[in-house]
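Shown next, in structure tokens, is the structure this report addresses.
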Amino acid sequence: ITGEVVLRLLVSNTGAVSRIEVEKSIPALDSAAIRAVRKLRFKPAKKYGVPTDVWVRVPMNFELD
């Protein structure tokens with residue numbers, strides 16, 4: 001199975017992933033992609049120096065034999 005899963009993540013003002021949406025799907029790989037991004041931590045985005053929530057688009061390429 002090969003291909004790209006694209007996820008949209010809502011990164012909270014604490015840097016944690018608070019919401020995940022699948023933008024481009026490969027049904028057999030979606031759950032693996034979601035499990036992987038749940039573990040990520042980000043440096044929070046800032047607006048006028050104040051940490052804020054932000055949507056991030058994350059493409060994930062899979063090449064499995």
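We name chains A, B, ... following the order of the structure tokens; residues begin at 1 in each chain, and ligands are numbered from 1 as shown.
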query = Hey, what does DSSP flag as strand (DSSP E) within chain A? Can you give it to me as a PyMOL selection string?
reply = chain A and resi 2-11+17-24+45-47+50-52+54-63
Could you write out that same residue set with C-alpha atoms as a PDB file, in the first residue's frame?
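Full text of result02.pdb as output:
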ATOM      1  CA  THR A   2       1.395   3.384  -0.945  1.00  0.00           C
ATOM      2  CA  GLY A   3      -0.041   6.855  -1.002  1.00  0.00           C
ATOM      3  CA  GLU A   4      -0.628  10.056   0.860  1.00  0.00           C
ATOM      4  CA  VAL A   5      -2.987  10.758   3.735  1.00  0.00           C
ATOM      5  CA  VAL A   6      -3.547  14.448   4.431  1.00  0.00           C
ATOM      6  CA  LEU A   7      -4.751  15.509   7.867  1.00  0.00           C
ATOM      7  CA  ARG A   8      -5.882  18.876   9.180  1.00  0.00           C
ATOM      8  CA  LEU A   9      -4.934  19.399  12.815  1.00  0.00           C
ATOM      9  CA  LEU A  10      -6.197  21.995  15.222  1.00  0.00           C
ATOM     10  CA  VAL A  11      -3.193  22.817  17.378  1.00  0.00           C
ATOM     11  CA  VAL A  17      -3.396  18.474  18.906  1.00  0.00           C
ATOM     12  CA  SER A  18      -7.013  19.063  19.905  1.00  0.00           C
ATOM     13  CA  ARG A  19      -8.872  18.100  16.717  1.00  0.00           C
ATOM     14  CA  ILE A  20      -8.062  15.956  13.676  1.00  0.00           C
ATOM     15  CA  GLU A  21      -9.839  15.918  10.321  1.00  0.00           C
ATOM     16  CA  VAL A  22      -8.989  13.678   7.361  1.00  0.00           C
ATOM     17  CA  GLU A  23      -8.663  15.817   4.232  1.00  0.00           C
ATOM     18  CA  LYS A  24      -7.341  13.131   1.856  1.00  0.00           C
ATOM     19  CA  ALA A  45       1.298  29.779  17.240  1.00  0.00           C
ATOM     20  CA  LYS A  46       1.150  33.338  18.491  1.00  0.00           C
ATOM     21  CA  LYS A  47      -1.015  36.266  17.495  1.00  0.00           C
ATOM     22  CA  VAL A  50      -0.414  35.595  22.710  1.00  0.00           C
ATOM     23  CA  PRO A  51      -0.547  31.798  22.129  1.00  0.00           C
ATOM     24  CA  THR A  52      -3.538  30.913  19.949  1.00  0.00           C
ATOM     25  CA  VAL A  54      -4.292  27.307  14.657  1.00  0.00           C
ATOM     26  CA  TRP A  55      -5.183  24.813  11.927  1.00  0.00           C
ATOM     27  CA  VAL A  56      -2.227  22.971  10.337  1.00  0.00           C
ATOM     28  CA  ARG A  57      -2.281  20.784   7.219  1.00  0.00           C
ATOM     29  CA  VAL A  58      -0.089  17.667   7.553  1.00  0.00           C
ATOM     30  CA  PRO A  59       0.593  15.419   4.540  1.00  0.00           C
ATOM     31  CA  MET A  60       1.829  11.930   5.408  1.00  0.00           C
ATOM     32  CA  ASN A  61       3.362   9.695   2.742  1.00  0.00           C
ATOM     33  CA  PHE A  62       3.200   5.934   3.162  1.00  0.00           C
ATOM     34  CA  GLU A  63       5.279   3.364   1.293  1.00  0.00           C
TER      35      GLU A  63
END
key: Backbone-only DSSP, helix (DSSP H, G or I) members of chain A, as a ChimeraX atom specification   = /A:30-38
Long-range neighbours of range 35-40 of chain A as a short mmCIF file (atom, residue, chain, number, x, y, z; two decimals) with N, CA and C atoms, in the first residue's frame, 8 Å cut-off, only C-alpha atoms, 2 positions minimum in chain:
data_model
loop_
_atom_site.label_atom_id
_atom_site.label_comp_id
_atom_site.auth_asym_id
_atom_site.auth_seq_id
_atom_site.Cartn_x
_atom_site.Cartn_y
_atom_site.Cartn_z
N ALA A 16 -0.85 21.24 21.97
CA ALA A 16 -1.40 19.90 21.82
C ALA A 16 -2.35 19.84 20.62
N VAL A 17 -2.44 18.67 19.99
CA VAL A 17 -3.40 18.47 18.91
C VAL A 17 -4.77 18.26 19.54
N SER A 31 -6.23 5.36 10.10
CA SER A 31 -6.11 5.19 11.55
C SER A 31 -4.65 5.24 12.00
N ALA A 32 -3.74 4.71 11.18
CA ALA A 32 -2.31 4.78 11.53
C ALA A 32 -1.82 6.23 11.51
N ALA A 33 -2.27 7.00 10.55
CA ALA A 33 -1.88 8.41 10.46
C ALA A 33 -2.42 9.19 11.67
N PHE A 42 3.42 20.61 19.46
CA PHE A 42 3.88 21.73 18.65
C PHE A 42 4.20 22.92 19.54
#
query = Counting only C-alpha atoms, what is within 8 Å of Lys43 in chain A, bar same-chain residues fewer than 2 positions away, as a ChimeraX atom specification?
reply = /A:14-15,41,45
